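This is model26.txt (compact mmCIF, N, CA and C atoms and all ligand atoms).
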# COMPACT_ATOMS: atom_id res chain seq x y z
N MET A 1 25.53 -13.36 21.82
CA MET A 1 25.21 -11.94 21.71
C MET A 1 23.89 -11.68 22.41
N GLU A 2 23.88 -10.64 23.17
CA GLU A 2 22.68 -10.28 23.92
C GLU A 2 21.89 -9.22 23.16
N ILE A 3 20.59 -9.37 23.15
CA ILE A 3 19.77 -8.37 22.49
C ILE A 3 18.87 -7.68 23.51
N ASP A 4 18.49 -6.48 23.17
CA ASP A 4 17.52 -5.76 23.99
C ASP A 4 16.14 -6.29 23.56
N HIS A 5 15.62 -7.19 24.36
CA HIS A 5 14.40 -7.91 24.01
C HIS A 5 13.24 -6.96 23.69
N ASP A 6 12.97 -6.02 24.56
CA ASP A 6 11.83 -5.12 24.36
C ASP A 6 12.02 -4.23 23.13
N ALA A 7 13.24 -3.73 22.97
CA ALA A 7 13.49 -2.87 21.81
C ALA A 7 13.35 -3.66 20.51
N THR A 8 13.79 -4.91 20.54
CA THR A 8 13.69 -5.75 19.35
C THR A 8 12.23 -6.01 18.99
N LEU A 9 11.44 -6.35 20.01
CA LEU A 9 10.01 -6.58 19.76
C LEU A 9 9.33 -5.32 19.24
N LYS A 10 9.73 -4.19 19.78
CA LYS A 10 9.13 -2.92 19.33
C LYS A 10 9.42 -2.69 17.84
N VAL A 11 10.66 -2.89 17.46
CA VAL A 11 11.03 -2.68 16.05
C VAL A 11 10.32 -3.70 15.16
N LEU A 12 10.30 -4.94 15.59
CA LEU A 12 9.64 -5.97 14.77
C LEU A 12 8.15 -5.66 14.60
N ASN A 13 7.51 -5.20 15.67
CA ASN A 13 6.09 -4.85 15.55
C ASN A 13 5.88 -3.62 14.67
N GLU A 14 6.83 -2.71 14.69
CA GLU A 14 6.73 -1.57 13.77
C GLU A 14 6.82 -2.05 12.32
N ILE A 15 7.70 -3.03 12.10
CA ILE A 15 7.82 -3.60 10.76
C ILE A 15 6.51 -4.26 10.35
N VAL A 16 5.92 -5.03 11.25
CA VAL A 16 4.63 -5.67 10.95
C VAL A 16 3.61 -4.61 10.55
N GLU A 17 3.51 -3.56 11.33
CA GLU A 17 2.51 -2.52 11.07
C GLU A 17 2.77 -1.81 9.73
N LEU A 18 4.02 -1.50 9.46
CA LEU A 18 4.34 -0.81 8.21
C LEU A 18 4.09 -1.70 7.00
N GLU A 19 4.45 -2.97 7.13
CA GLU A 19 4.23 -3.88 6.00
C GLU A 19 2.73 -4.07 5.75
N LEU A 20 1.94 -4.15 6.82
CA LEU A 20 0.49 -4.29 6.64
C LEU A 20 -0.09 -3.03 5.99
N ALA A 21 0.43 -1.89 6.35
CA ALA A 21 -0.02 -0.66 5.68
C ALA A 21 0.33 -0.73 4.19
N GLY A 22 1.48 -1.32 3.88
CA GLY A 22 1.86 -1.49 2.48
C GLY A 22 0.89 -2.40 1.74
N VAL A 23 0.43 -3.45 2.41
CA VAL A 23 -0.56 -4.35 1.79
C VAL A 23 -1.81 -3.57 1.42
N VAL A 24 -2.30 -2.76 2.35
CA VAL A 24 -3.53 -2.00 2.10
C VAL A 24 -3.30 -0.98 0.99
N ARG A 25 -2.19 -0.27 1.09
CA ARG A 25 -1.96 0.81 0.12
C ARG A 25 -1.73 0.27 -1.29
N TYR A 26 -0.90 -0.77 -1.42
CA TYR A 26 -0.67 -1.31 -2.76
C TYR A 26 -1.94 -1.90 -3.34
N THR A 27 -2.74 -2.54 -2.48
CA THR A 27 -4.00 -3.10 -2.97
C THR A 27 -4.94 -1.99 -3.41
N GLN A 28 -5.04 -0.96 -2.60
CA GLN A 28 -5.91 0.15 -2.97
C GLN A 28 -5.42 0.81 -4.25
N TYR A 29 -4.11 1.05 -4.34
CA TYR A 29 -3.59 1.69 -5.55
C TYR A 29 -3.85 0.83 -6.78
N SER A 30 -3.77 -0.48 -6.61
CA SER A 30 -4.00 -1.35 -7.76
C SER A 30 -5.43 -1.22 -8.27
N LEU A 31 -6.31 -0.82 -7.40
CA LEU A 31 -7.72 -0.66 -7.79
C LEU A 31 -8.01 0.73 -8.33
N MET A 32 -7.00 1.59 -8.34
CA MET A 32 -7.20 2.96 -8.82
C MET A 32 -6.77 3.13 -10.27
N ILE A 33 -6.27 2.09 -10.88
CA ILE A 33 -5.72 2.19 -12.23
C ILE A 33 -6.79 1.79 -13.25
N PHE A 34 -6.97 2.64 -14.21
CA PHE A 34 -7.90 2.34 -15.29
C PHE A 34 -7.18 2.51 -16.63
N GLY A 35 -7.78 2.01 -17.67
CA GLY A 35 -7.22 2.20 -19.00
C GLY A 35 -6.67 0.90 -19.56
N HIS A 36 -6.42 0.89 -20.86
CA HIS A 36 -6.01 -0.34 -21.53
C HIS A 36 -4.65 -0.85 -21.08
N ALA A 37 -3.80 0.03 -20.57
CA ALA A 37 -2.45 -0.40 -20.16
C ALA A 37 -2.37 -0.66 -18.66
N ARG A 38 -3.50 -0.82 -18.02
CA ARG A 38 -3.52 -0.92 -16.57
C ARG A 38 -3.03 -2.26 -16.03
N ILE A 39 -3.16 -3.32 -16.81
CA ILE A 39 -2.94 -4.66 -16.26
C ILE A 39 -1.52 -4.86 -15.71
N PRO A 40 -0.47 -4.52 -16.44
CA PRO A 40 0.87 -4.73 -15.85
C PRO A 40 1.11 -3.88 -14.61
N ILE A 41 0.60 -2.67 -14.61
CA ILE A 41 0.77 -1.80 -13.43
C ILE A 41 -0.01 -2.37 -12.26
N MET A 42 -1.24 -2.75 -12.52
CA MET A 42 -2.10 -3.33 -11.49
C MET A 42 -1.45 -4.60 -10.92
N ASN A 43 -0.96 -5.45 -11.81
CA ASN A 43 -0.33 -6.69 -11.36
C ASN A 43 0.90 -6.43 -10.53
N TRP A 44 1.70 -5.44 -10.94
CA TRP A 44 2.91 -5.13 -10.18
C TRP A 44 2.53 -4.66 -8.77
N MET A 45 1.50 -3.83 -8.69
CA MET A 45 1.08 -3.34 -7.37
C MET A 45 0.56 -4.49 -6.51
N ARG A 46 -0.14 -5.40 -7.11
CA ARG A 46 -0.66 -6.55 -6.34
C ARG A 46 0.47 -7.49 -5.92
N GLU A 47 1.49 -7.61 -6.76
CA GLU A 47 2.67 -8.39 -6.36
C GLU A 47 3.35 -7.74 -5.15
N GLN A 48 3.42 -6.41 -5.18
CA GLN A 48 4.02 -5.69 -4.06
C GLN A 48 3.21 -5.89 -2.78
N ALA A 49 1.87 -5.91 -2.93
CA ALA A 49 1.01 -6.14 -1.77
C ALA A 49 1.29 -7.52 -1.16
N LEU A 50 1.44 -8.51 -2.03
CA LEU A 50 1.71 -9.86 -1.53
C LEU A 50 3.09 -9.95 -0.88
N GLU A 51 4.05 -9.22 -1.48
CA GLU A 51 5.39 -9.20 -0.89
C GLU A 51 5.35 -8.57 0.49
N SER A 52 4.60 -7.48 0.62
CA SER A 52 4.47 -6.83 1.93
C SER A 52 3.82 -7.75 2.94
N LEU A 53 2.81 -8.50 2.49
CA LEU A 53 2.17 -9.45 3.40
C LEU A 53 3.17 -10.51 3.85
N GLY A 54 4.00 -10.96 2.94
CA GLY A 54 5.03 -11.93 3.31
C GLY A 54 6.01 -11.36 4.33
N HIS A 55 6.40 -10.10 4.13
CA HIS A 55 7.32 -9.47 5.08
C HIS A 55 6.67 -9.28 6.43
N ALA A 56 5.38 -8.89 6.44
CA ALA A 56 4.66 -8.73 7.71
C ALA A 56 4.60 -10.07 8.44
N THR A 57 4.37 -11.12 7.69
CA THR A 57 4.28 -12.45 8.28
C THR A 57 5.64 -12.87 8.86
N GLN A 58 6.70 -12.62 8.12
CA GLN A 58 8.04 -12.97 8.60
C GLN A 58 8.37 -12.22 9.88
N ALA A 59 8.09 -10.93 9.89
CA ALA A 59 8.38 -10.14 11.09
C ALA A 59 7.51 -10.60 12.26
N GLY A 60 6.25 -10.93 11.97
CA GLY A 60 5.35 -11.43 13.02
C GLY A 60 5.86 -12.76 13.59
N GLU A 61 6.40 -13.61 12.72
CA GLU A 61 6.95 -14.88 13.19
C GLU A 61 8.13 -14.65 14.14
N GLU A 62 8.93 -13.64 13.83
CA GLU A 62 10.06 -13.32 14.72
C GLU A 62 9.56 -12.82 16.07
N VAL A 63 8.47 -12.05 16.05
CA VAL A 63 7.90 -11.57 17.31
C VAL A 63 7.47 -12.75 18.17
N THR A 64 6.74 -13.68 17.57
CA THR A 64 6.26 -14.82 18.36
C THR A 64 7.41 -15.72 18.78
N THR A 65 8.44 -15.82 17.94
CA THR A 65 9.62 -16.61 18.31
C THR A 65 10.27 -16.06 19.58
N LEU A 66 10.24 -14.74 19.69
CA LEU A 66 10.83 -14.09 20.88
C LEU A 66 9.86 -14.04 22.05
N GLY A 67 8.68 -14.63 21.85
CA GLY A 67 7.71 -14.68 22.95
C GLY A 67 6.85 -13.44 23.07
N GLY A 68 6.89 -12.59 22.07
CA GLY A 68 6.10 -11.35 22.13
C GLY A 68 4.72 -11.51 21.53
N ASP A 69 3.95 -10.47 21.68
CA ASP A 69 2.62 -10.41 21.07
C ASP A 69 2.71 -9.58 19.81
N VAL A 70 2.16 -10.11 18.74
CA VAL A 70 2.18 -9.40 17.48
C VAL A 70 1.17 -8.25 17.53
N SER A 71 1.61 -7.11 17.08
CA SER A 71 0.75 -5.93 17.05
C SER A 71 -0.46 -6.16 16.17
N LEU A 72 -1.59 -5.67 16.64
CA LEU A 72 -2.80 -5.68 15.81
C LEU A 72 -2.97 -4.34 15.11
N GLY A 73 -1.97 -3.47 15.26
CA GLY A 73 -2.05 -2.15 14.63
C GLY A 73 -1.62 -2.20 13.18
N ILE A 74 -1.73 -1.07 12.57
CA ILE A 74 -1.31 -0.94 11.18
C ILE A 74 -0.66 0.43 11.03
N GLY A 75 0.34 0.51 10.17
CA GLY A 75 1.03 1.77 9.96
C GLY A 75 0.10 2.82 9.39
N GLU A 76 0.59 4.03 9.35
CA GLU A 76 -0.21 5.14 8.86
C GLU A 76 -0.66 4.89 7.42
N LEU A 77 -1.93 5.10 7.21
CA LEU A 77 -2.47 5.02 5.85
C LEU A 77 -2.66 6.45 5.40
N VAL A 78 -1.80 6.87 4.50
CA VAL A 78 -1.87 8.27 4.07
C VAL A 78 -3.17 8.52 3.34
N SER A 79 -3.35 9.74 3.02
CA SER A 79 -4.61 10.22 2.45
C SER A 79 -5.24 9.24 1.47
N THR A 80 -6.53 9.07 1.62
CA THR A 80 -7.28 8.28 0.65
C THR A 80 -7.95 9.20 -0.35
N ARG A 81 -7.52 10.46 -0.33
CA ARG A 81 -8.07 11.40 -1.32
C ARG A 81 -7.80 10.90 -2.71
N PRO A 82 -8.69 11.19 -3.62
CA PRO A 82 -8.47 10.75 -5.00
C PRO A 82 -7.15 11.28 -5.55
N ALA A 83 -6.53 10.48 -6.34
CA ALA A 83 -5.29 10.88 -7.01
C ALA A 83 -5.37 10.40 -8.44
N SER A 84 -4.54 10.92 -9.27
CA SER A 84 -4.54 10.46 -10.65
C SER A 84 -3.11 10.35 -11.13
N VAL A 85 -2.94 9.65 -12.23
CA VAL A 85 -1.64 9.52 -12.85
C VAL A 85 -1.58 10.50 -14.00
N ALA A 86 -0.68 11.44 -13.94
CA ALA A 86 -0.54 12.43 -14.99
C ALA A 86 0.09 11.79 -16.21
N PRO A 87 0.01 12.44 -17.37
CA PRO A 87 0.55 11.84 -18.59
C PRO A 87 2.00 11.37 -18.45
N GLY A 88 2.79 12.04 -17.64
CA GLY A 88 4.18 11.63 -17.47
C GLY A 88 4.34 10.48 -16.50
N GLY A 89 3.25 9.94 -15.98
CA GLY A 89 3.32 8.83 -15.06
C GLY A 89 3.46 9.26 -13.61
N ARG A 90 3.37 10.55 -13.35
CA ARG A 90 3.53 11.06 -12.01
C ARG A 90 2.15 11.10 -11.35
N CYS A 91 2.05 10.70 -10.09
CA CYS A 91 0.79 10.76 -9.37
C CYS A 91 0.58 12.17 -8.82
N VAL A 92 -0.58 12.69 -9.08
CA VAL A 92 -0.91 14.01 -8.56
C VAL A 92 -2.28 13.94 -7.88
N PRO A 93 -2.44 14.64 -6.76
CA PRO A 93 -3.74 14.61 -6.10
C PRO A 93 -4.76 15.41 -6.88
N GLN A 94 -5.98 14.96 -6.83
CA GLN A 94 -7.07 15.73 -7.42
C GLN A 94 -7.71 16.54 -6.31
N ALA A 95 -8.56 17.45 -6.70
CA ALA A 95 -9.23 18.29 -5.72
C ALA A 95 -10.07 17.43 -4.78
N PRO A 96 -10.09 17.79 -3.50
CA PRO A 96 -10.95 17.06 -2.58
C PRO A 96 -12.40 17.15 -3.06
N GLY A 97 -13.14 16.10 -2.86
CA GLY A 97 -14.55 16.11 -3.23
C GLY A 97 -14.79 15.79 -4.69
N ALA A 98 -13.76 15.32 -5.39
CA ALA A 98 -13.98 14.93 -6.80
C ALA A 98 -15.08 13.89 -6.81
N ASP A 99 -15.99 14.02 -7.77
CA ASP A 99 -17.21 13.23 -7.71
C ASP A 99 -17.06 11.75 -8.02
N ARG A 100 -15.98 11.32 -8.65
CA ARG A 100 -15.87 9.91 -9.02
C ARG A 100 -14.77 9.19 -8.28
N GLY A 101 -14.31 9.74 -7.20
CA GLY A 101 -13.27 9.04 -6.46
C GLY A 101 -11.98 9.01 -7.25
N ALA A 102 -11.18 8.01 -7.00
CA ALA A 102 -9.88 7.91 -7.63
C ALA A 102 -10.02 7.46 -9.07
N GLN A 103 -9.63 8.28 -9.98
CA GLN A 103 -9.73 7.95 -11.39
C GLN A 103 -8.35 8.10 -12.01
N CYS A 104 -7.70 7.01 -12.22
CA CYS A 104 -6.36 7.05 -12.79
C CYS A 104 -6.30 6.26 -14.08
N VAL A 105 -5.49 6.73 -14.95
CA VAL A 105 -5.30 6.06 -16.23
C VAL A 105 -3.80 5.89 -16.43
N ALA A 106 -3.41 4.73 -16.84
CA ALA A 106 -2.01 4.54 -17.19
C ALA A 106 -1.72 5.34 -18.44
N GLY A 107 -0.91 6.35 -18.31
CA GLY A 107 -0.55 7.15 -19.47
C GLY A 107 -1.40 8.39 -19.65
N GLY A 108 -2.35 8.63 -18.80
CA GLY A 108 -3.14 9.84 -18.93
C GLY A 108 -4.13 9.98 -17.81
N VAL A 109 -4.62 11.17 -17.64
CA VAL A 109 -5.59 11.44 -16.59
C VAL A 109 -6.98 11.15 -17.13
N ARG A 110 -7.71 10.40 -16.39
CA ARG A 110 -9.06 10.05 -16.81
C ARG A 110 -10.01 11.19 -16.47
N THR A 111 -10.93 11.44 -17.37
CA THR A 111 -11.93 12.46 -17.12
C THR A 111 -13.25 11.77 -16.80
N PRO A 112 -14.18 12.49 -16.17
CA PRO A 112 -15.47 11.88 -15.85
C PRO A 112 -16.20 11.36 -17.09
N ASP A 113 -15.93 11.94 -18.27
CA ASP A 113 -16.61 11.49 -19.49
C ASP A 113 -15.95 10.28 -20.13
N ASP A 114 -14.86 9.84 -19.59
CA ASP A 114 -14.06 8.78 -20.19
C ASP A 114 -14.44 7.44 -19.54
N PRO A 115 -15.30 6.66 -20.20
CA PRO A 115 -15.65 5.35 -19.62
C PRO A 115 -14.44 4.41 -19.68
N HIS A 116 -14.46 3.37 -18.88
CA HIS A 116 -13.33 2.43 -18.85
C HIS A 116 -13.02 1.94 -20.22
FE FE B 1 8.82 -5.15 2.81
Show how you would write the structure in this file as structure tokens.
Ligand SMILES: [Fe+2]
Amino acid sequence: MEIDHDATLKVLNEIVELELAGVVRYTQYSLMIFGHARIPIMNWMREQALESLGHATQAGEEVTTLGGDVSLGIGELVSTRPASVAPGGRCVPQAPGADRGAQCVAGGVRTPDDPH
């Protein structure tokens, strides 16, 4: 079976970039969780980050196997604006310029007066 070499490398490099963006985003999100119930959520996000790193590595290996150069780029990193987890577990953005950055609580929205 014949493959379109350039198109294949392009797709594989897109996968590398997207998976690396996943590593950054899951890691960052894991650091945004506060509260007593944060540990399982934080751990799950960090597991996802490691899984994404594994996928990026696998796709990168395929690129080098085909003789290509692995992209040094990274997929789009969406807004780093602060966000919080609403009581229902839904993520909602906070107003830009919130003074304490990302303040999320598993099961509730953290307020500035609420210490860890
Ligand atoms: Fe993946």
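The interatomic distance for the pair atom N of A:Ala59 and atom N of A:Glu76 works out to 16.7 Å.
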Which residues are close to A:Glu62, i.e. within 8 Å by all atoms listed in the file, leaving aside same-chain residues fewer than 4 positions away? Reply as a compact mmCIF listing (two decimals) with N, CA and C atoms, keeping the file's coordinate frame.
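File produced: selection_4.txt:
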# COMPACT_ATOMS: atom_id res chain seq x y z
N THR A 8 13.79 -4.91 20.54
CA THR A 8 13.69 -5.75 19.35
C THR A 8 12.23 -6.01 18.99
N LEU A 9 11.44 -6.35 20.01
CA LEU A 9 10.01 -6.58 19.76
C LEU A 9 9.33 -5.32 19.24
N LEU A 12 10.30 -4.94 15.59
CA LEU A 12 9.64 -5.97 14.77
C LEU A 12 8.15 -5.66 14.60
N ASN A 13 7.51 -5.20 15.67
CA ASN A 13 6.09 -4.85 15.55
C ASN A 13 5.88 -3.62 14.67
N ALA A 56 5.38 -8.89 6.44
CA ALA A 56 4.66 -8.73 7.71
C ALA A 56 4.60 -10.07 8.44
N THR A 57 4.37 -11.12 7.69
CA THR A 57 4.28 -12.45 8.28
C THR A 57 5.64 -12.87 8.86
N GLN A 58 6.70 -12.62 8.12
CA GLN A 58 8.04 -12.97 8.60
C GLN A 58 8.37 -12.22 9.88
N LEU A 66 10.24 -14.74 19.69
CA LEU A 66 10.83 -14.09 20.88
C LEU A 66 9.86 -14.04 22.05
N GLY A 67 8.68 -14.63 21.85
CA GLY A 67 7.71 -14.68 22.95
C GLY A 67 6.85 -13.44 23.07
N GLY A 68 6.89 -12.59 22.07
CA GLY A 68 6.10 -11.35 22.13
C GLY A 68 4.72 -11.51 21.53
Can you tell me which residues sit at most 6 Å away from ligand FE 1 (chain B), counting all atoms listed in the file, written as a VMD selection string? chain A and resid 19 51 to 52 55
Those same residues, written as a PDB file, keeping the file's coordinate frame with N, CA and C atoms?
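Result file follows (selection.pdb):
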ATOM      1  N   GLU A  19       4.450  -2.970   7.130  1.00  0.00           N
ATOM      2  CA  GLU A  19       4.230  -3.880   6.000  1.00  0.00           C
ATOM      3  C   GLU A  19       2.730  -4.070   5.750  1.00  0.00           C
ATOM      4  N   GLU A  51       4.050  -9.220  -1.480  1.00  0.00           N
ATOM      5  CA  GLU A  51       5.390  -9.200  -0.890  1.00  0.00           C
ATOM      6  C   GLU A  51       5.350  -8.570   0.490  1.00  0.00           C
ATOM      7  N   SER A  52       4.600  -7.480   0.620  1.00  0.00           N
ATOM      8  CA  SER A  52       4.470  -6.830   1.930  1.00  0.00           C
ATOM      9  C   SER A  52       3.820  -7.750   2.940  1.00  0.00           C
ATOM     10  N   HIS A  55       6.400 -10.100   4.130  1.00  0.00           N
ATOM     11  CA  HIS A  55       7.320  -9.470   5.080  1.00  0.00           C
ATOM     12  C   HIS A  55       6.670  -9.280   6.430  1.00  0.00           C
TER      13      HIS A  55
END
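What separates atom C of A:Met42 from atom N of A:Tyr26 is a distance of 10.3 Å.
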So which bits of stretch 13-86 of chain A end up alpha helix (DSSP H) when you DSSP the backbone, as a VMD selection string? chain A and resid 13 to 30 38 to 65
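Note that atom C of A:Thr65 and atom N of A:Met1 are 15.7 Å apart.
Minimum atom-to-atom distance to A:Val23, evaluated using only N, CA and C atoms, belongs to A:Ala49 out of A:Ala49, A:Asp6, A:Asn43, A:Val11.
The residue that comes closest to A:Gln48, out of A:Val63, A:Gly22, A:Met32, A:Asp4 and on the basis of only N, CA and C atoms, is A:Gly22.
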Considering only N, CA and C atoms, can you say which of A:Val24, A:Leu53, A:Val16, A:Ala37 comes closest to A:Leu77? A:Val24
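Inside stretch 20-84 of chain A, the residues DSSP reads as strand (DSSP E) when given the backbone are Ile33, Phe34, Ala83 and Ser84 of chain A.
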